[in-house]
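Structure file upload-v5.csv (CSV, C-alpha atoms) is printed below.
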chain,number,residue,atom,x,y,z
N,1,ARG,CA,0.0,0.0,0.0
N,2,ASN,CA,3.0,2.3,0.4
N,3,GLY,CA,4.4,1.5,-3.0
N,4,LEU,CA,7.3,-0.7,-4.1
N,5,GLU,CA,10.3,-1.0,-1.7
N,6,SER,CA,14.0,-1.1,-2.7
N,7,PHE,CA,15.7,-4.5,-2.3
N,8,THR,CA,19.1,-6.1,-2.8
N,9,ILE,CA,19.7,-9.7,-4.0
N,10,ILE,CA,23.1,-11.4,-4.1
N,11,ALA,CA,23.3,-13.7,-7.1
N,12,GLU,CA,25.6,-16.4,-8.4
N,13,MET,CA,25.7,-18.6,-11.5
N,14,VAL,CA,26.8,-22.3,-11.2
N,15,ASN,CA,26.7,-23.9,-14.6
N,16,ASN,CA,23.2,-23.2,-15.7
N,17,THR,CA,21.7,-22.6,-12.3
N,18,LEU,CA,21.1,-19.1,-10.9
N,19,ILE,CA,21.3,-18.9,-7.1
N,20,MET,CA,19.6,-15.8,-5.5
N,21,SER,CA,19.8,-14.8,-1.8
N,22,ARG,CA,18.0,-11.6,-0.7
N,23,THR,CA,19.8,-9.5,1.8
N,24,GLU,CA,17.8,-7.9,4.6
N,25,PRO,CA,18.7,-4.3,5.8
N,26,LYS,CA,18.2,-5.5,9.4
N,27,THR,CA,17.5,-8.8,11.1
N,28,THR,CA,16.2,-7.3,14.4
N,29,GLU,CA,14.1,-4.3,15.3
N,30,ILE,CA,13.5,-2.6,18.6
N,31,ILE,CA,10.0,-1.1,19.0
N,32,ALA,CA,9.9,1.8,21.4
N,33,PRO,CA,6.9,2.2,23.8
N,34,TYR,CA,5.5,5.1,21.8
N,35,GLU,CA,5.7,3.2,18.4
N,36,PHE,CA,2.9,1.2,16.9
N,37,LYS,CA,3.8,-1.6,14.4
N,38,GLY,CA,0.4,-3.3,14.2
N,39,TYR,CA,-0.9,-6.5,15.8
N,40,GLY,CA,0.3,-9.1,13.3
N,41,HIS,CA,3.1,-10.8,15.3
N,42,GLU,CA,1.2,-10.9,18.6
N,43,PHE,CA,-1.9,-12.2,16.9
N,44,GLU,CA,0.2,-15.0,15.3
N,45,LYS,CA,1.6,-15.9,18.7
N,46,ALA,CA,-1.9,-16.1,20.2
N,47,TYR,CA,-3.5,-17.9,17.2
N,48,THR,CA,-0.9,-20.6,16.7
N,49,ARG,CA,1.0,-23.1,18.9
N,50,CYS,CA,4.8,-23.2,18.8
N,51,GLN,CA,6.0,-26.7,17.7
N,52,LEU,CA,9.7,-26.2,18.3
N,53,ALA,CA,11.1,-24.6,21.5
N,54,ASN,CA,13.1,-21.4,21.2
N,55,SER,CA,12.4,-21.1,17.4
N,56,THR,CA,12.2,-17.7,15.8
N,57,GLY,CA,10.4,-18.7,12.6
N,58,TYR,CA,9.4,-21.5,10.3
N,59,HIS,CA,10.5,-21.9,6.6
N,60,ARG,CA,9.7,-24.3,3.9
N,61,ILE,CA,11.5,-25.3,0.7
N,62,ILE,CA,9.4,-26.2,-2.3
N,63,SER,CA,10.1,-26.9,-6.0
N,64,TYR,CA,8.1,-26.3,-9.1
N,65,ALA,CA,8.4,-25.5,-12.8
N,66,PHE,CA,7.5,-22.0,-14.1
N,67,GLY,CA,8.1,-20.4,-17.5
N,68,GLY,CA,10.4,-23.1,-18.7
N,69,LEU,CA,12.5,-22.9,-15.6
N,70,ASN,CA,12.8,-25.2,-12.6
N,71,PHE,CA,12.6,-23.4,-9.2
N,72,VAL,CA,13.6,-24.3,-5.7
N,73,VAL,CA,12.1,-21.7,-3.4
N,74,ARG,CA,12.5,-21.1,0.4
N,75,HIS,CA,9.7,-19.1,2.0
N,76,GLU,CA,8.4,-18.3,5.5
N,77,VAL,CA,5.3,-20.2,6.8
N,78,ASP,CA,3.0,-18.7,9.4
N,79,GLY,CA,1.4,-22.0,10.4
N,80,TYR,CA,-0.5,-25.1,9.3
N,81,VAL,CA,-3.7,-26.9,10.1
N,82,SER,CA,-3.6,-30.2,11.9
N,83,VAL,CA,-3.8,-33.3,9.6
N,84,PRO,CA,-4.5,-36.9,10.5
N,85,ALA,CA,-1.4,-39.1,11.2
N,86,ALA,CA,-2.3,-41.4,8.3
N,87,SER,CA,-2.2,-38.5,5.8
N,88,ILE,CA,1.3,-37.5,7.1
N,89,ALA,CA,2.5,-41.1,6.7
N,90,ASN,CA,1.2,-41.2,3.1
N,91,LYS,CA,3.0,-37.9,2.3
N,92,ARG,CA,6.4,-39.1,3.7
N,93,GLU,CA,7.1,-41.6,0.8
N,94,THR,CA,6.1,-39.0,-1.8
N,95,GLU,CA,8.3,-36.3,-0.4
N,96,ALA,CA,11.2,-38.6,0.0
N,97,ASP,CA,11.1,-39.3,-3.7
N,98,GLY,CA,11.0,-35.6,-4.5
N,99,LEU,CA,12.7,-32.5,-3.1
N,100,ALA,CA,13.1,-34.0,0.4
N,101,GLY,CA,15.1,-36.8,-1.1
N,102,LEU,CA,17.3,-34.4,-3.0
N,103,LEU,CA,18.1,-32.4,0.1
N,104,GLY,CA,18.7,-35.6,2.0
N,105,SER,CA,21.4,-36.6,-0.5
N,106,MET,CA,23.5,-33.5,0.3
N,107,SER,CA,26.9,-34.2,1.7
N,108,LEU,CA,26.7,-33.9,5.4
N,109,SER,CA,28.8,-35.3,8.2
N,110,ALA,CA,27.5,-38.3,10.2
N,111,ALA,CA,24.5,-37.6,12.4
N,112,GLN,CA,24.8,-37.6,16.1
N,113,LYS,CA,21.7,-39.0,17.8
N,114,ALA,CA,20.3,-36.7,20.5
N,115,SER,CA,17.1,-38.7,21.2
N,116,PRO,CA,14.8,-41.2,19.5
N,117,GLU,CA,12.9,-38.3,17.8
N,118,THR,CA,15.9,-35.9,17.3
N,119,ARG,CA,19.2,-36.0,15.5
N,120,VAL,CA,21.9,-33.4,15.1
N,121,VAL,CA,23.8,-32.8,11.9
N,122,ARG,CA,26.9,-30.6,11.5
N,123,PRO,CA,27.8,-29.8,7.9
N,124,LYS,CA,31.5,-30.1,7.1
N,125,GLY,CA,33.5,-26.8,7.3
N,126,SER,CA,30.5,-24.9,8.9
N,127,LYS,CA,29.6,-23.7,12.4
N,128,LEU,CA,25.9,-24.4,11.5
N,129,VAL,CA,24.2,-27.0,13.6
N,130,ILE,CA,21.1,-28.7,12.1
N,131,ARG,CA,18.7,-30.4,14.5
N,132,GLU,CA,16.2,-32.6,12.8
N,133,GLU,CA,12.9,-33.1,14.7
N,134,GLY,CA,9.1,-32.7,14.4
N,135,ILE,CA,6.8,-34.1,11.7
N,136,VAL,CA,6.4,-33.8,8.0
N,137,VAL,CA,3.8,-31.2,7.2
N,138,PRO,CA,2.0,-31.6,3.9
N,139,LEU,CA,2.1,-28.5,1.6
N,140,ASP,CA,-1.7,-28.5,1.3
N,141,SER,CA,-2.1,-27.8,5.1
N,142,THR,CA,0.2,-24.7,5.2
N,143,LEU,CA,-1.4,-21.3,5.7
N,144,GLU,CA,-0.7,-17.6,5.7
N,145,ILE,CA,-2.0,-15.2,8.3
N,146,LYS,CA,-3.0,-11.6,7.5
N,147,THR,CA,-4.3,-9.1,10.0
N,148,ARG,CA,-6.3,-6.0,9.1
N,149,VAL,CA,-8.5,-3.4,10.8
N,150,SER,CA,-12.1,-4.5,10.5
N,151,HIS,CA,-13.3,-1.6,8.2
N,152,LYS,CA,-10.6,-2.3,5.6
N,153,ARG,CA,-11.4,-5.7,4.2
N,154,LEU,CA,-8.5,-7.7,2.6
N,155,ASN,CA,-9.0,-8.5,-1.0
N,156,ILE,CA,-7.6,-11.8,-2.3
N,157,ASN,CA,-5.8,-10.0,-5.1
N,158,GLU,CA,-3.6,-8.2,-2.5
N,159,ILE,CA,-2.2,-11.5,-1.2
N,160,ALA,CA,-2.6,-13.8,-4.2
N,161,PRO,CA,0.9,-13.1,-5.6
N,162,GLN,CA,2.6,-14.2,-2.4
N,163,LEU,CA,0.4,-17.2,-2.0
N,164,TRP,CA,1.0,-18.2,-5.6
N,165,ALA,CA,4.8,-17.9,-5.4
N,166,SER,CA,4.9,-20.0,-2.2
N,167,GLN,CA,2.1,-22.3,-3.3
N,168,THR,CA,0.4,-21.7,0.0
N,169,PRO,CA,-3.2,-23.0,-0.3
N,170,LYS,CA,-4.8,-21.7,2.9
N,171,LEU,CA,-5.4,-18.1,4.3
N,172,VAL,CA,-6.5,-16.6,7.6
N,173,ARG,CA,-7.9,-13.1,7.3
N,174,ALA,CA,-8.0,-11.8,10.9
N,175,TYR,CA,-9.9,-8.5,11.4
N,176,HIS,CA,-9.8,-6.4,14.5
N,177,ASN,CA,-11.2,-3.3,16.1
N,178,ARG,CA,-8.5,-1.5,18.1
N,179,GLY,CA,-6.7,-4.8,18.7
N,180,VAL,CA,-9.8,-6.8,19.6
N,181,PHE,CA,-10.1,-9.5,17.0
N,182,GLN,CA,-13.2,-11.1,15.6
N,183,GLU,CA,-13.6,-14.8,15.3
N,184,THR,CA,-11.4,-16.1,12.5
N,185,LYS,CA,-11.5,-19.1,10.2
N,186,VAL,CA,-9.1,-20.9,7.9
N,187,GLU,CA,-10.0,-20.5,4.2
N,188,ASP,CA,-9.0,-22.8,1.4
N,189,VAL,CA,-8.1,-20.2,-1.4
N,190,THR,CA,-6.7,-22.7,-3.9
N,191,LYS,CA,-9.5,-21.8,-6.5
N,192,GLU,CA,-9.0,-18.1,-5.9
N,193,ILE,CA,-5.2,-18.4,-6.5
N,194,LYS,CA,-5.8,-20.3,-9.7
N,195,SER,CA,-8.2,-17.7,-10.9
N,196,TRP,CA,-5.7,-15.0,-10.2
N,197,GLU,CA,-3.0,-17.0,-12.1
N,198,LEU,CA,-5.3,-17.3,-15.2
N,199,ALA,CA,-6.1,-13.6,-15.0
N,200,ASN,CA,-2.5,-12.5,-14.8
N,201,GLN,CA,-0.9,-14.7,-17.5
N,202,LYS,CA,0.5,-11.6,-19.3
N,203,HIS,CA,2.3,-10.4,-16.1
N,204,LEU,CA,3.5,-13.9,-15.2
N,205,LYS,CA,5.0,-14.4,-18.7
N,206,ARG,CA,6.8,-11.0,-18.3
N,207,LEU,CA,8.1,-12.2,-14.9
N,208,ALA,CA,9.5,-15.4,-16.4
N,209,ALA,CA,11.2,-13.4,-19.1
N,210,LEU,CA,12.6,-11.0,-16.6
N,211,ILE,CA,14.2,-13.8,-14.5
N,212,LYS,CA,15.8,-15.2,-17.7
N,213,GLU,CA,17.2,-11.8,-18.5
N,214,ILE,CA,18.6,-11.4,-14.9
N,215,ARG,CA,20.2,-14.8,-15.3
N,216,ASN,CA,21.9,-13.7,-18.6
N,217,ALA,CA,23.0,-10.4,-16.9
N,218,VAL,CA,24.5,-12.3,-13.9
N,219,ARG,CA,26.4,-14.5,-16.4
N,220,ALA,CA,27.7,-11.5,-18.2
N,221,CYS,CA,29.0,-10.1,-14.9
N,222,GLY,CA,31.3,-13.1,-14.5
N,223,ASP,CA,28.7,-15.3,-12.7
N,224,LYS,CA,28.7,-13.1,-9.5
N,225,ALA,CA,26.5,-10.1,-9.3
N,226,VAL,CA,24.4,-7.8,-7.1
N,227,ILE,CA,20.8,-7.2,-8.1
N,228,ARG,CA,19.2,-4.0,-6.8
N,229,TYR,CA,15.8,-2.5,-7.3
N,230,ASP,CA,16.1,1.3,-7.2
N,231,GLU,CA,12.9,2.8,-6.0
N,232,SER,CA,13.6,6.4,-7.2
N,233,SER,CA,14.3,5.3,-10.8
N,234,ASP,CA,12.0,2.3,-10.8
N,235,ARG,CA,14.7,0.1,-12.4
N,236,ILE,CA,16.4,-3.2,-11.7
N,237,ILE,CA,20.2,-2.8,-11.7
N,238,VAL,CA,22.6,-5.7,-12.0
N,239,ILE,CA,26.3,-5.0,-11.3
N,240,PRO,CA,29.3,-7.3,-10.9
N,241,ARG,CA,30.1,-8.5,-7.3
N,242,ILE,CA,33.7,-8.0,-6.4
N,243,ASP,CA,33.9,-10.1,-3.2
N,244,ALA,CA,34.8,-13.8,-3.5
N,245,LYS,CA,32.2,-15.0,-1.0
N,246,ARG,CA,30.1,-17.9,-2.2
N,247,LEU,CA,26.5,-18.5,-1.4
N,248,LEU,CA,26.6,-22.2,-0.7
N,249,PRO,CA,29.0,-24.6,1.3
N,250,GLU,CA,31.9,-25.8,-0.9
N,251,ASP,CA,30.8,-29.4,-0.8
N,252,LEU,CA,27.5,-28.6,-2.6
N,253,TYR,CA,29.3,-27.1,-5.6
N,254,LEU,CA,30.9,-30.6,-6.2
N,255,LYS,CA,27.4,-31.8,-7.1
N,256,TRP,CA,27.3,-29.5,-10.1
N,257,ASN,CA,30.8,-30.5,-11.1
N,258,SER,CA,29.9,-34.2,-10.9
N,259,GLN,CA,26.8,-33.6,-13.0
N,260,ALA,CA,28.8,-31.7,-15.6
N,261,ALA,CA,31.3,-34.6,-15.8
N,262,LYS,CA,28.6,-37.2,-16.3
N,263,SER,CA,27.0,-35.1,-19.0
N,264,LYS,CA,30.3,-35.2,-20.9
N,265,GLU,CA,30.7,-38.9,-20.7
Would you write out, as structure tokens, the structure that this file holds?
Amino acid sequence: RNGLESFTIIAEMVNNTLIMSRTEPKTTEIIAPYEFKGYGHEFEKAYTRCQLANSTGYHRIISYAFGGLNFVVRHEVDGYVSVPAASIANKRETEADGLAGLLGSMSLSAAQKASPETRVVRPKGSKLVIREEGIVVPLDSTLEIKTRVSHKRLNINEIAPQLWASQTPKLVRAYHNRGVFQETKVEDVTKEIKSWELANQKHLKRLAALIKEIRNAVRACGDKAVIRYDESSDRIIVIPRIDAKRLLPEDLYLKWNSQAAKSKE
């Protein structure tokens, strides 16, 4: 509602794959007693139950084809609706054959068992500690939460682009009057998102073309670049990146090298 915001994305080409990582201007924010930032975060805390102790957020990785390109996308998830245990079990085998299986094949050091339900993984050459626990959550149970003052109704077209990009099928529209929320419900907006997709084919084709042009521009910059959207000029700028820092752990780049070697055989 306040117009487009400037953003910066660090990009890198590996063979024919474009890796993009958005940089945030700040990762923490202190809200003073006299400042008002809305009720969104507090409503989310009250409306959902935390599944992992001391967690600061939940993210999901999905994959899909769009515009002749294959995407692997990480996005934040506000929550999910409970699903029967049988449905979760049926989803496990499917996900293991798809993206989950791909991620599981990444080169990691041997796991250290912390408990029957939890295991700890430490990637080679990294200080990162990965703790695996919880349950597999089917994509069709994930949801997005949006809060709004009651006299300003939230139109599906305002949120459809985000739900489309993350393939999130469910939405909670929470309306309040001075912080007092009305009764809310979980909506399945799959049909509405599909209708939005059909109505915006022209724009989506332009988006696919733009991503391909960005990929070509990054390659022309020596495979490492900084992508910036300049709010004042309303332009996307791609410039070479001077620093040598890579976006992924070194062992993952070996997978591209091995694939390239196999293709030459």
Please write as an mmCIF file with C-alpha atoms, in the coordinates of the input the list of polymer residues whose atoms come within 8 Å of (14.7, -3.2, -3.1), counting only C-alpha atoms and keeping to the coordinates of the file.
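Output contents, as saved in out.cif:
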data_model
loop_
_atom_site.group_PDB
_atom_site.id
_atom_site.type_symbol
_atom_site.label_atom_id
_atom_site.label_comp_id
_atom_site.auth_asym_id
_atom_site.auth_seq_id
_atom_site.Cartn_x
_atom_site.Cartn_y
_atom_site.Cartn_z
ATOM 1 C CA LEU N 4 7.300 -0.700 -4.100
ATOM 2 C CA GLU N 5 10.300 -1.000 -1.700
ATOM 3 C CA SER N 6 14.000 -1.100 -2.700
ATOM 4 C CA PHE N 7 15.700 -4.500 -2.300
ATOM 5 C CA THR N 8 19.100 -6.100 -2.800
ATOM 6 C CA ARG N 228 19.200 -4.000 -6.800
ATOM 7 C CA TYR N 229 15.800 -2.500 -7.300
ATOM 8 C CA ASP N 230 16.100 1.300 -7.200
ATOM 9 C CA GLU N 231 12.900 2.800 -6.000
#
Inset, instruction - Figure out the distance between atom CA of Val186 of chain N and atom CA of Ser141 of chain N, please, to one decimal in Å. - result: 10.2 Å
List as a Markdown table every residue of segment 166-230 of chain N that is in contact with segment 237-251 of chain N, defined as an atom at most 9 Å from one of its atoms (using only C-alpha atoms), together with the nearest atom pair and the distance in Å rounded to one decimal, sorted by chain and then rising number.
| residue | atom | partner | partner_atom | distance |
| --- | --- | --- | --- | --- |
| N:Ile214 | CA | N:Val238 | CA | 7.5 |
| N:Ala217 | CA | N:Val238 | CA | 6.8 |
| N:Val218 | CA | N:Val238 | CA | 7.1 |
| N:Ala220 | CA | N:Pro240 | CA | 8.6 |
| N:Cys221 | CA | N:Pro240 | CA | 4.9 |
| N:Gly222 | CA | N:Pro240 | CA | 7.1 |
| N:Asp223 | CA | N:Pro240 | CA | 8.2 |
| N:Lys224 | CA | N:Arg241 | CA | 5.3 |
| N:Ala225 | CA | N:Pro240 | CA | 4.3 |
| N:Val226 | CA | N:Ile239 | CA | 5.4 |
| N:Ile227 | CA | N:Val238 | CA | 4.5 |
| N:Arg228 | CA | N:Ile237 | CA | 5.1 |
| N:Tyr229 | CA | N:Ile237 | CA | 6.2 |
| N:Asp230 | CA | N:Ile237 | CA | 7.3 |
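A straight line drawn from atom CA of Met13 of chain N to atom CA of Leu210 of chain N is 16.0 Å long.
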